[in-house]
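Everything below belongs to my_file-v1.cif, which stores mmCIF, C-alpha atoms.
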```cif
data_coords
#
loop_
_atom_site.label_atom_id
_atom_site.label_comp_id
_atom_site.auth_asym_id
_atom_site.auth_seq_id
_atom_site.Cartn_x
_atom_site.Cartn_y
_atom_site.Cartn_z
CA MET A 39 -207.76 182.38 214.05
CA THR A 40 -205.68 183.69 216.88
CA ASP A 41 -202.54 182.00 215.55
CA THR A 42 -199.77 184.51 215.08
CA ASP A 43 -198.37 184.78 211.59
CA PRO A 44 -194.75 183.55 211.73
CA LEU A 45 -193.92 186.35 209.29
CA ALA A 46 -195.57 189.04 211.41
CA PHE A 47 -192.16 190.74 211.65
CA LEU A 48 -192.35 191.48 207.91
CA GLY A 49 -195.15 193.97 208.54
CA GLU A 50 -192.94 195.80 211.03
CA GLU A 51 -189.99 195.71 208.66
CA PHE A 52 -192.28 197.06 205.94
CA LEU A 53 -193.29 200.09 208.00
CA THR A 54 -189.68 200.81 208.99
CA TRP A 55 -188.54 200.49 205.38
CA LEU A 56 -191.36 202.78 204.29
CA TRP A 57 -190.14 205.49 206.65
CA TYR A 58 -186.58 205.04 205.33
CA ARG A 59 -187.86 205.14 201.75
CA LEU A 60 -189.91 208.31 202.35
CA GLU A 61 -186.97 210.17 203.86
CA ASN A 62 -184.44 209.08 201.26
CA GLU A 63 -186.38 208.90 198.02
CA GLY A 64 -189.52 210.86 198.75
CA GLY A 65 -193.12 209.79 199.03
CA ASP A 66 -194.07 209.28 195.39
CA PHE A 67 -194.75 205.71 194.30
CA LYS A 68 -195.50 204.68 190.73
CA LEU A 69 -198.37 202.27 190.32
CA ASP A 70 -199.43 200.35 187.25
CA GLN A 71 -201.24 201.99 184.32
CA GLY A 72 -199.29 205.22 184.80
CA ARG A 73 -200.91 206.04 188.12
CA SER A 74 -199.00 207.23 191.17
CA ILE A 75 -199.68 207.84 194.83
CA GLY A 76 -198.12 210.08 197.42
CA VAL A 77 -197.45 208.74 200.90
CA SER A 78 -196.38 210.37 204.14
CA LEU A 79 -196.15 209.37 207.79
CA ASP A 80 -198.53 211.31 209.97
CA ASP A 81 -198.88 212.04 213.69
CA PHE A 82 -198.74 208.58 215.20
CA ILE A 83 -195.99 205.98 215.29
CA ALA A 84 -195.34 203.09 217.67
CA PHE A 85 -192.09 201.18 217.97
CA ALA A 86 -191.96 197.46 218.64
CA PRO A 87 -189.79 196.34 221.54
CA ARG A 88 -186.45 194.91 220.44
CA ASP A 89 -186.70 192.18 223.03
CA ASP A 90 -189.36 190.72 225.27
CA ASP A 91 -188.17 192.73 228.27
CA GLU A 92 -188.40 196.09 226.47
CA THR A 93 -191.49 198.25 226.26
CA GLU A 94 -193.44 199.39 223.21
CA GLN A 95 -192.94 203.10 222.59
CA THR A 96 -195.70 205.27 221.19
CA LEU A 97 -195.28 208.81 219.87
CA ARG A 98 -198.33 210.95 219.06
CA LYS A 99 -199.20 214.46 217.92
CA GLY A 100 -197.17 216.98 215.97
CA LEU A 101 -194.37 215.46 213.93
CA PRO A 102 -193.33 212.36 215.86
CA THR A 103 -190.92 211.22 213.14
CA ARG A 104 -188.94 214.41 213.76
CA SER A 105 -188.70 213.91 217.49
CA PRO A 106 -185.44 213.01 219.26
CA GLU A 107 -187.25 210.01 220.75
CA ALA A 108 -187.91 208.65 217.27
CA SER A 109 -184.28 209.04 216.26
CA ALA A 110 -183.17 207.39 219.48
CA ALA A 111 -185.48 204.43 218.87
CA LEU A 112 -184.06 203.96 215.38
CA ARG A 113 -180.52 204.16 216.71
CA HIS A 114 -181.45 201.37 219.10
CA GLY A 115 -182.50 199.29 216.09
CA ARG A 116 -186.21 199.29 216.85
CA ARG A 117 -188.79 198.58 214.18
CA LEU A 118 -192.07 200.39 213.68
CA ARG A 119 -195.00 198.32 214.86
CA ARG A 120 -197.78 200.74 213.87
CA ALA A 121 -197.83 203.98 211.94
CA LYS A 122 -200.40 206.42 210.70
CA LEU A 123 -200.11 207.01 207.00
CA VAL A 124 -201.60 209.58 204.70
CA VAL A 125 -202.07 208.29 201.15
CA ALA A 126 -203.05 210.56 198.28
CA GLU A 127 -204.05 209.79 194.72
CA GLY A 128 -205.00 212.87 192.76
CA GLU A 129 -207.56 214.76 194.79
CA ASP A 130 -208.36 211.77 197.00
CA VAL A 131 -206.72 211.56 200.41
CA TRP A 132 -206.93 208.64 202.85
CA SER A 133 -205.51 208.26 206.30
CA THR A 134 -205.06 205.00 208.18
CA VAL A 135 -203.01 203.39 210.90
CA ILE A 136 -201.29 200.23 209.69
CA ASP A 137 -200.75 197.52 212.26
CA GLY A 138 -197.56 195.84 211.06
CA PRO A 139 -197.90 192.35 212.59
CA THR A 140 -201.41 191.83 211.17
CA MET A 141 -201.43 194.35 208.29
CA ASN A 142 -204.88 195.39 209.47
CA LEU A 143 -205.85 198.91 208.47
CA LEU A 144 -207.09 200.77 211.53
CA SER A 145 -208.88 204.11 211.90
CA ILE A 146 -209.35 204.55 208.17
CA LYS A 147 -210.66 207.87 206.96
CA LEU A 148 -211.79 207.94 203.37
CA PRO A 149 -211.54 210.82 200.90
CA GLU A 150 -214.46 213.23 200.69
CA ASP A 151 -217.50 211.87 198.88
CA ASP A 152 -217.74 212.54 195.18
CA PRO A 153 -219.66 215.84 194.94
CA ASP A 154 -221.09 214.67 191.61
CA ALA A 155 -222.68 211.56 193.13
CA GLU A 156 -226.36 211.80 192.33
CA ASN A 157 -227.80 209.91 195.26
CA ILE A 158 -227.03 208.12 198.51
CA ALA A 159 -226.51 204.79 196.80
CA GLU A 160 -223.92 206.29 194.48
CA ARG A 161 -222.11 207.91 197.39
CA GLY A 162 -222.11 204.59 199.23
CA GLN A 163 -220.65 202.85 196.17
CA GLY A 164 -217.95 205.49 196.04
CA ARG A 165 -217.02 204.76 199.63
CA ILE A 166 -216.83 201.01 199.08
CA ASP A 167 -214.64 201.64 196.07
CA ALA A 168 -212.46 203.94 198.18
CA PHE A 169 -211.93 201.23 200.83
CA LEU A 170 -210.87 198.83 198.12
CA ARG A 171 -208.53 201.34 196.51
CA LEU A 172 -206.83 202.00 199.83
CA GLN A 173 -206.30 198.27 200.31
CA ASP A 174 -204.81 198.09 196.81
CA HIS A 175 -202.51 201.03 197.50
CA ILE A 176 -201.19 199.47 200.70
CA ALA A 177 -200.69 196.16 198.89
CA ALA A 178 -198.73 198.01 196.18
CA LEU A 179 -196.49 199.64 198.79
CA TYR A 180 -195.99 196.30 200.50
CA ARG A 181 -195.03 194.73 197.20
CA ALA A 182 -192.51 197.51 196.56
CA PHE A 183 -190.96 196.67 199.93
CA LEU A 184 -190.93 192.93 199.22
CA GLU A 185 -189.20 193.50 195.87
CA VAL A 186 -186.29 194.98 197.82
CA ARG A 187 -186.49 192.77 200.91
CA LEU A 188 -186.49 189.48 199.02
CA GLU A 189 -183.55 190.30 196.75
CA SER A 190 -180.64 187.92 197.21
CA GLY A 191 -178.17 190.65 198.19
CA TYR A 192 -180.53 192.48 200.52
CA LEU A 193 -178.46 192.17 203.70
CA GLU A 194 -175.33 193.49 202.02
CA GLN A 195 -177.01 196.29 200.08
CA GLY A 196 -180.48 197.54 201.05
CA ALA A 197 -180.31 196.53 204.71
CA ALA A 198 -176.84 198.00 205.09
CA GLU A 199 -177.97 201.36 203.73
CA GLN A 200 -181.04 201.35 205.94
CA ALA A 201 -178.91 200.42 208.96
CA THR A 202 -176.68 203.42 208.30
CA TRP A 203 -179.74 205.68 208.08
CA MET A 204 -181.12 204.28 211.32
CA ALA A 205 -177.80 204.75 213.09
CA THR A 206 -177.13 208.28 211.93
CA ARG A 207 -180.52 209.88 211.47
CA MET B 299 -225.25 204.41 203.05
CA PHE B 300 -221.94 202.72 203.68
CA ARG B 301 -219.63 204.18 206.31
CA ARG B 302 -216.77 206.58 205.64
CA SER B 303 -214.39 205.41 208.34
CA GLY B 304 -213.47 202.35 210.35
CA SER B 305 -210.89 199.64 210.93
CA VAL B 306 -210.55 196.73 208.55
CA ALA B 307 -209.28 193.18 208.76
CA CYS B 308 -209.02 191.52 205.34
CA TYR B 309 -209.49 187.83 204.57
CA HIS B 310 -209.05 185.62 201.56
CA VAL B 311 -211.84 183.13 200.86
CA GLU B 312 -210.25 179.68 200.74
CA ASP B 313 -213.23 177.64 199.52
CA SER B 314 -215.91 178.16 196.91
CA LEU B 315 -219.08 180.03 197.79
CA PRO B 316 -222.51 179.95 196.16
CA ALA B 317 -222.98 182.59 193.45
CA ALA B 318 -223.03 185.97 195.15
CA LEU B 319 -226.61 187.06 195.88
CA GLY B 320 -227.97 183.99 194.13
CA GLU B 321 -230.83 182.05 195.69
CA GLU B 322 -228.50 179.59 197.44
CA PHE B 323 -226.38 182.44 198.81
CA CYS B 324 -229.36 184.32 200.22
CA GLU B 325 -230.92 181.15 201.62
CA ALA B 326 -227.66 180.37 203.44
CA LEU B 327 -227.81 183.81 205.05
CA ARG B 328 -231.47 183.30 205.99
CA GLN B 329 -230.62 180.00 207.66
CA GLN B 330 -228.15 181.79 209.89
CA ARG B 331 -230.17 184.95 210.37
CA PHE B 332 -230.09 186.82 213.64
CA ARG B 333 -232.58 185.63 216.27
CA THR B 334 -233.54 187.93 219.07
CA ILE B 335 -232.83 187.22 222.75
CA GLU B 336 -234.73 190.26 223.96
CA ASP B 337 -237.01 188.21 226.24
CA ALA B 338 -234.48 185.56 227.23
CA ALA B 339 -234.28 184.72 230.93
CA SER B 340 -230.68 183.55 230.86
CA GLU B 341 -227.30 185.05 230.10
CA GLN B 342 -226.60 184.42 226.45
CA THR B 343 -225.25 185.70 223.17
CA SER B 344 -226.98 185.65 219.81
CA ILE B 345 -225.01 186.04 216.59
CA GLY B 346 -226.51 186.13 213.12
CA TRP B 347 -226.89 187.95 209.82
CA VAL B 348 -229.05 190.99 209.23
CA THR B 349 -229.06 193.56 206.44
CA SER B 350 -228.36 197.28 206.49
CA ALA B 351 -232.07 197.95 205.94
CA ASP B 352 -233.47 195.41 208.39
CA PRO B 353 -231.56 194.96 211.65
CA SER B 354 -234.10 192.39 212.86
CA GLY B 355 -232.81 189.64 210.58
CA ASN B 356 -236.31 188.90 209.27
CA THR B 357 -235.73 189.86 205.64
CA PHE B 358 -232.86 189.50 203.21
CA GLU B 359 -233.64 191.61 200.17
CA ARG B 360 -230.95 191.43 197.50
CA GLU B 361 -231.09 195.16 196.88
CA HIS B 362 -230.01 195.80 200.47
CA MET B 363 -226.89 193.68 200.07
CA ASP B 364 -226.00 194.42 196.47
CA ALA B 365 -223.14 196.91 196.48
CA ASP B 366 -222.16 196.52 192.82
CA GLN B 367 -218.76 194.82 192.95
CA ALA B 368 -219.30 193.75 196.57
CA VAL B 369 -221.90 192.07 198.75
CA TRP B 370 -222.64 194.11 201.85
CA LEU B 371 -222.99 191.73 204.78
CA ARG B 372 -223.92 192.74 208.30
CA LEU B 373 -223.39 190.73 211.44
CA ARG B 374 -225.44 191.38 214.56
CA ILE B 375 -224.18 190.32 217.97
CA ASP B 376 -226.50 190.69 220.95
CA LYS B 377 -225.31 189.89 224.45
CA LYS B 378 -227.46 189.62 227.51
CA SER B 379 -225.58 189.57 230.76
CA ALA B 380 -226.45 189.78 234.42
CA PRO B 381 -226.46 193.29 235.85
CA THR B 382 -223.68 192.70 238.37
CA LYS B 383 -224.29 195.90 240.37
CA TRP B 384 -227.90 194.85 240.95
CA LEU B 385 -226.80 191.39 242.06
CA GLN B 386 -224.40 193.04 244.48
CA ILE B 387 -227.08 195.38 245.84
CA HIS B 388 -229.49 192.50 246.45
CA ARG B 389 -226.79 190.41 248.14
CA ILE B 390 -225.85 193.26 250.48
CA ALA B 391 -229.54 193.78 251.34
CA ALA B 392 -230.02 190.06 252.03
CA GLU B 393 -226.95 189.95 254.25
CA ALA B 394 -228.13 193.05 256.14
CA SER B 395 -231.53 191.48 256.81
CA GLU B 396 -229.94 188.17 257.91
CA GLY B 397 -227.38 189.96 260.02
CA ARG B 398 -224.62 187.72 258.65
CA LYS B 399 -222.67 186.85 255.49
CA LEU B 400 -224.50 184.51 253.14
CA THR B 401 -223.02 181.09 252.60
CA ALA B 402 -221.79 180.15 249.15
CA ARG B 403 -224.91 178.07 248.59
CA GLU B 404 -227.21 180.91 249.68
CA ARG B 405 -225.37 183.33 247.39
CA ARG B 406 -225.75 180.94 244.48
CA GLU B 407 -229.47 180.48 245.14
CA LEU B 408 -229.99 184.21 245.52
CA LYS B 409 -228.20 184.81 242.23
CA GLU B 410 -230.27 182.22 240.36
CA ASP B 411 -233.46 183.68 241.78
CA LEU B 412 -232.48 187.21 240.84
CA LEU B 413 -231.36 186.26 237.34
CA SER B 414 -234.69 184.62 236.60
CA LYS B 415 -236.45 187.82 237.70
CA LEU B 416 -234.05 190.42 236.27
CA LEU B 417 -232.85 189.01 232.95
CA PRO B 418 -236.21 189.15 231.14
CA ARG B 419 -236.21 192.89 231.97
CA VAL B 420 -232.63 193.46 230.81
CA LEU B 421 -232.11 194.57 227.23
CA PRO B 422 -229.15 192.96 225.48
CA SER B 423 -226.24 195.03 224.20
CA VAL B 424 -226.27 195.26 220.41
CA ALA B 425 -223.33 195.38 218.00
CA LEU B 426 -223.68 195.67 214.23
CA ILE B 427 -220.57 194.82 212.25
CA ASP B 428 -220.27 195.35 208.51
CA ALA B 429 -218.37 193.23 206.06
CA LEU B 430 -217.84 193.48 202.31
CA TYR B 431 -217.42 190.37 200.20
CA PHE B 432 -215.79 190.92 196.81
CA PRO B 433 -216.60 187.76 194.82
CA LYS B 434 -214.24 188.42 191.90
CA ARG B 435 -211.29 188.86 194.23
CA GLN B 436 -212.42 186.25 196.77
CA LEU B 437 -211.73 188.94 199.36
CA VAL B 438 -213.63 189.84 202.50
CA MET B 439 -213.19 193.13 204.36
CA LEU B 440 -214.40 192.92 207.93
CA PHE B 441 -215.05 196.24 209.65
CA GLY B 442 -214.06 195.07 213.10
CA THR B 443 -210.64 194.01 214.32
CA SER B 444 -211.17 192.80 217.89
CA ASN B 445 -210.50 189.12 218.53
CA SER B 446 -214.08 188.45 219.64
CA VAL B 447 -215.60 190.03 216.54
CA ARG B 448 -213.20 188.27 214.19
CA GLU B 449 -213.81 184.91 215.82
CA ALA B 450 -217.59 185.39 215.71
CA PHE B 451 -217.45 186.42 212.05
CA LEU B 452 -215.19 183.57 210.92
CA SER B 453 -217.31 181.05 212.75
CA LEU B 454 -220.60 182.36 211.34
CA PHE B 455 -219.16 182.66 207.83
CA TYR B 456 -218.06 179.04 207.94
CA LYS B 457 -221.37 177.90 209.41
CA THR B 458 -223.22 179.79 206.68
CA PHE B 459 -221.23 178.97 203.57
CA GLY B 460 -218.95 176.11 204.63
CA ALA B 461 -216.04 178.25 203.48
CA ARG B 462 -212.87 179.04 205.38
CA LEU B 463 -211.34 182.49 205.50
CA SER B 464 -207.65 183.15 206.00
CA ALA B 465 -206.40 186.45 207.37
CA ALA B 466 -204.50 188.67 204.93
CA ASP B 467 -201.53 188.81 207.31
CA PRO B 468 -198.02 189.76 206.15
CA HIS B 469 -197.39 186.27 204.79
CA ARG B 470 -200.63 185.81 202.84
CA LEU B 471 -200.60 189.39 201.67
CA ALA B 472 -197.10 188.83 200.31
CA LEU B 473 -198.26 185.75 198.41
CA ALA B 474 -201.14 187.74 196.93
CA THR B 475 -199.03 190.59 195.59
CA GLY B 476 -197.87 188.71 192.50
CA LEU B 477 -194.20 188.23 193.40
CA ASP B 478 -191.97 186.27 191.03
CA ARG B 479 -190.98 182.67 191.75
CA GLN B 480 -187.53 183.61 193.07
CA ARG B 481 -188.99 185.93 195.67
CA ILE B 482 -191.71 183.48 196.67
CA ASP B 483 -188.92 180.96 197.32
CA ALA B 484 -187.00 183.56 199.32
CA LEU B 485 -190.12 184.20 201.39
CA ARG B 486 -190.02 180.59 202.63
CA GLU B 487 -186.55 181.09 204.09
CA ILE B 488 -186.91 184.61 205.38
CA THR B 489 -185.99 185.47 208.97
CA PRO B 490 -186.20 188.83 210.77
CA VAL B 491 -183.46 191.40 210.35
CA ARG B 492 -182.01 192.42 213.68
CA TRP B 493 -180.98 196.02 213.19
CA PRO B 494 -177.81 197.11 214.97
CA ASP B 495 -178.08 199.02 218.21
CA ALA B 496 -175.86 202.01 217.39
CA GLN B 497 -176.10 203.21 220.99
CA ARG B 498 -174.22 200.10 222.04
CA GLY B 499 -171.47 200.62 219.49
CA ALA B 500 -172.43 198.33 216.61
CA SER B 501 -170.95 199.38 213.29
CA GLY B 502 -174.12 199.75 211.26
CA GLN B 503 -172.74 197.56 208.50
CA PRO B 504 -174.25 194.27 207.42
CA ALA B 505 -172.94 190.88 208.44
CA PRO B 506 -171.81 188.97 205.34
CA SER B 507 -172.69 185.67 206.93
CA GLY B 508 -176.35 186.57 207.09
CA GLN B 509 -177.82 184.19 209.65
CA THR B 510 -176.53 184.42 213.19
CA ALA B 511 -178.70 183.75 216.22
CA PRO B 512 -181.55 181.37 215.57
CA ARG B 513 -184.28 182.89 213.43
CA THR B 514 -182.77 186.34 212.94
CA GLN B 515 -180.52 188.00 210.40
CA GLU B 516 -177.99 190.35 211.93
CA VAL B 517 -177.15 193.62 210.24
CA GLY B 518 -173.93 195.17 211.46
CA ALA B 519 -172.96 192.36 213.87
#
```

Would you mind writing the structure in this file as structure tokens?
Amino acid sequence: MTDTDPLAFLGEEFLTWLWYRLENEGGDFKLDQGRSIGVSLDDFIAFAPRDDDETEQTLRKGLPTRSPEASAALRHGRRLRRAKLVVAEGEDVWSTVIDGPTMNLLSIKLPEDDPDAENIAERGQGRIDAFLRLQDHIAALYRAFLEVRLESGYLEQGAAEQATWMATR
Amino acid sequence: MFRRSGSVACYHVEDSLPAALGEEFCEALRQQRFRTIEDAASEQTSIGWVTSADPSGNTFEREHMDADQAVWLRLRIDKKSAPTKWLQIHRIAAEASEGRKLTARERRELKEDLLSKLLPRVLPSVALIDALYFPKRQLVMLFGTSNSVREAFLSLFYKTFGARLSAADPHRLALATGLDRQRIDALREITPVRWPDAQRGASGQPAPSGQTAPRTQEVGA
């Protein structure tokens, strides 16, 4: 139960890639069946230490991704450990903090209840559905990352471009 | 009504479960229902199932767990612990009346005596933790992410249904996203990318050799 996933680093790489993707290609992601979601990083990010003797760095409030501290952390080659995301599909907007090493979704806030829901039970169903949809959206984003990350030429192509962005941002 | 916020840890169900909300399923929950420790005279923890409509654990009506595509489970954890400040107050009073420090044995006896008197009057702390089980997906969403809650839930789930749950961590989540065979194979060999530290003068270009130091892939070495 408390065993650490040997691929926990992938969650951190995912969040860092997502940031790179958002800044370079925008926050729109196509899903199946013609659907799409919009994604943005919100007011909380935390960087993983590069080595055991470094500290975790947390930036909150305002626009932390725009801060000089965030750029400095990227230049030092640090990965995101946690980040608050806003995910939108149509009128529905979720926010959540993703913990990279576990891929747990923390501090989730669901979209507003359906105003057309006729009773409490229906509103409750809508919320359960919304939790599941958020999980599906995050899984879709993660898959988009893995499609790139697991390509044979990733180090020479995708990683190189991301490294340049991290170094010069 | 189900909550609108919270933190979630997801799990995949590794073994088969009785039909959701069938008689066997509900009976399994009843067998592991919550049992109160309100009147207990010792420090202890009680963990068991309740429903959203009945936090006592006495009834398990299907309609209170049936959430359409999901089964709404609720875990109750009660903990009764010694009120340490009271123990401290009584020890100080005893030492003042004796005019000396109590020996280790006297302290132990005093504590046992006080616990037997105080604990029946102490109400346990109560935690209610929700979980959603999606039978078609064999997925469980647990609305609690602390180690103690996750351990309690996994243990009770196994005791109840004899089924193991595996955390939807980066590895298992990757396997569940429907990647092609080539990428699944690549996942077995994957090692972390070590991004260059531009502040220390690395070039920012990838290393063609790929693997460098054990278990990392250097970019821009």

For Leu144 of chain A: contacts at 8 Å, all atoms listed in the file, fewer than 5 positions along chain excluded, given as a short mmCIF file (atom, residue, chain, number, x, y, z; two decimals) with C-alpha atoms, in the coordinates of the input:
```cif
data_model
loop_
_atom_site.label_atom_id
_atom_site.label_comp_id
_atom_site.auth_asym_id
_atom_site.auth_seq_id
_atom_site.Cartn_x
_atom_site.Cartn_y
_atom_site.Cartn_z
CA THR A 134 -205.06 205.00 208.18
CA VAL A 135 -203.01 203.39 210.90
CA ILE A 136 -201.29 200.23 209.69
CA ASP A 137 -200.75 197.52 212.26
CA GLY B 304 -213.47 202.35 210.35
CA SER B 305 -210.89 199.64 210.93
CA VAL B 306 -210.55 196.73 208.55
#
```

- Message: On this structure, the PyMOL selection byres ((chain A and resi 43) around 9) would catch which residues? List them as a ChimeraX atom specification, sorted by chain and number.
- Response: /A:41-42,44-47,139-140 /B:467-469

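The residue set within 6 Å of segment 56-65 of chain A, counting only C-alpha atoms and dropping same-chain residues fewer than 2 places from it, reads Leu53, Thr54, Gly76 and Val77 of chain A.
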
- Message: Applying the PyMOL selection byres ((chain B) within 9 of (chain A)) to the file I just gave you, which residues come out? Please list them as number ranges by chain.
- Response: B: 299-308, 365-368, 430, 439, 443, 445, 448-449, 452, 464-469, 471-472, 474-477, 480-482, 484-485, 488-498, 501-506, 508, 515-518

- Item | Polymer residues at most 12 Å from Glu321 of chain B, all atoms listed in the file, same-chain spacing of 5 or more positions, as a PyMOL selection string | chain B and resi 316+326-328+358-360

- Can you work out the spacing between atom CA of Pro418 of chain B and atom CA of Glu393 of chain B in Å, to one decimal? 24.9 Å

- Take the PyMOL selection byres ((chain A and resi 73) around 12), apply it to the structure above, and return the hits as number ranges by chain. A: 66-72, 74-76, 126-128, 175, 178

- Å distance separating atom CA of Phe82 of chain A from atom CA of Glu129 of chain A, one decimal place: 23.1 Å

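Once Glu336 of chain B and its same-chain neighbours fewer than 4 positions away are set aside, Asp376, Lys378, Pro418, Arg419, Val420, Leu421 and Pro422 of chain B remain within 9 Å of it when counting all atoms listed in the file.
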
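In this model, the gap between atom CA of Asp130 of chain A and atom CA of Ser78 of chain A comes to 14.0 Å.
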
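Proximity to Ala339 of chain B was assessed for B:Leu417, B:Ala317, B:Leu440, B:Leu454 counting all atoms listed in the file; the smallest distance is recorded for B:Leu417.
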
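Within 8 Å of the file-frame point (-192.5, 212.3, 214.2), and using all atoms listed in the file, the polymer residues found are Leu79, Asp80, Asp81, Phe82, Ile83, Leu97, Arg98, Lys99, Gly100, Leu101, Pro102, Thr103, Arg104, Ser105 and Ala108 of chain A.
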
How would the residues just picked look written out with C-alpha atoms as a short mmCIF file (atom, residue, chain, number, x, y, z; two decimals), in the frame of the given file?
```cif
data_model
loop_
_atom_site.label_atom_id
_atom_site.label_comp_id
_atom_site.auth_asym_id
_atom_site.auth_seq_id
_atom_site.Cartn_x
_atom_site.Cartn_y
_atom_site.Cartn_z
CA LEU A 79 -196.15 209.37 207.79
CA ASP A 80 -198.53 211.31 209.97
CA ASP A 81 -198.88 212.04 213.69
CA PHE A 82 -198.74 208.58 215.20
CA ILE A 83 -195.99 205.98 215.29
CA LEU A 97 -195.28 208.81 219.87
CA ARG A 98 -198.33 210.95 219.06
CA LYS A 99 -199.20 214.46 217.92
CA GLY A 100 -197.17 216.98 215.97
CA LEU A 101 -194.37 215.46 213.93
CA PRO A 102 -193.33 212.36 215.86
CA THR A 103 -190.92 211.22 213.14
CA ARG A 104 -188.94 214.41 213.76
CA SER A 105 -188.70 213.91 217.49
CA ALA A 108 -187.91 208.65 217.27
#
```

- Would you kindly return, as an NGL selection string, each protein, DNA or RNA residue with an atom no farther than 8 Å from any atom of Val438 of chain B, considering only C-alpha atoms and excluding same-chain residues fewer than 3 positions away? :B and (308-311 or 429-432)

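Among the candidate residues B:Ala394, B:Leu319, B:Ile375, B:Ile427, the one lying nearest to Thr343 of chain B is B:Ile375, with distances computed using all atoms listed in the file.
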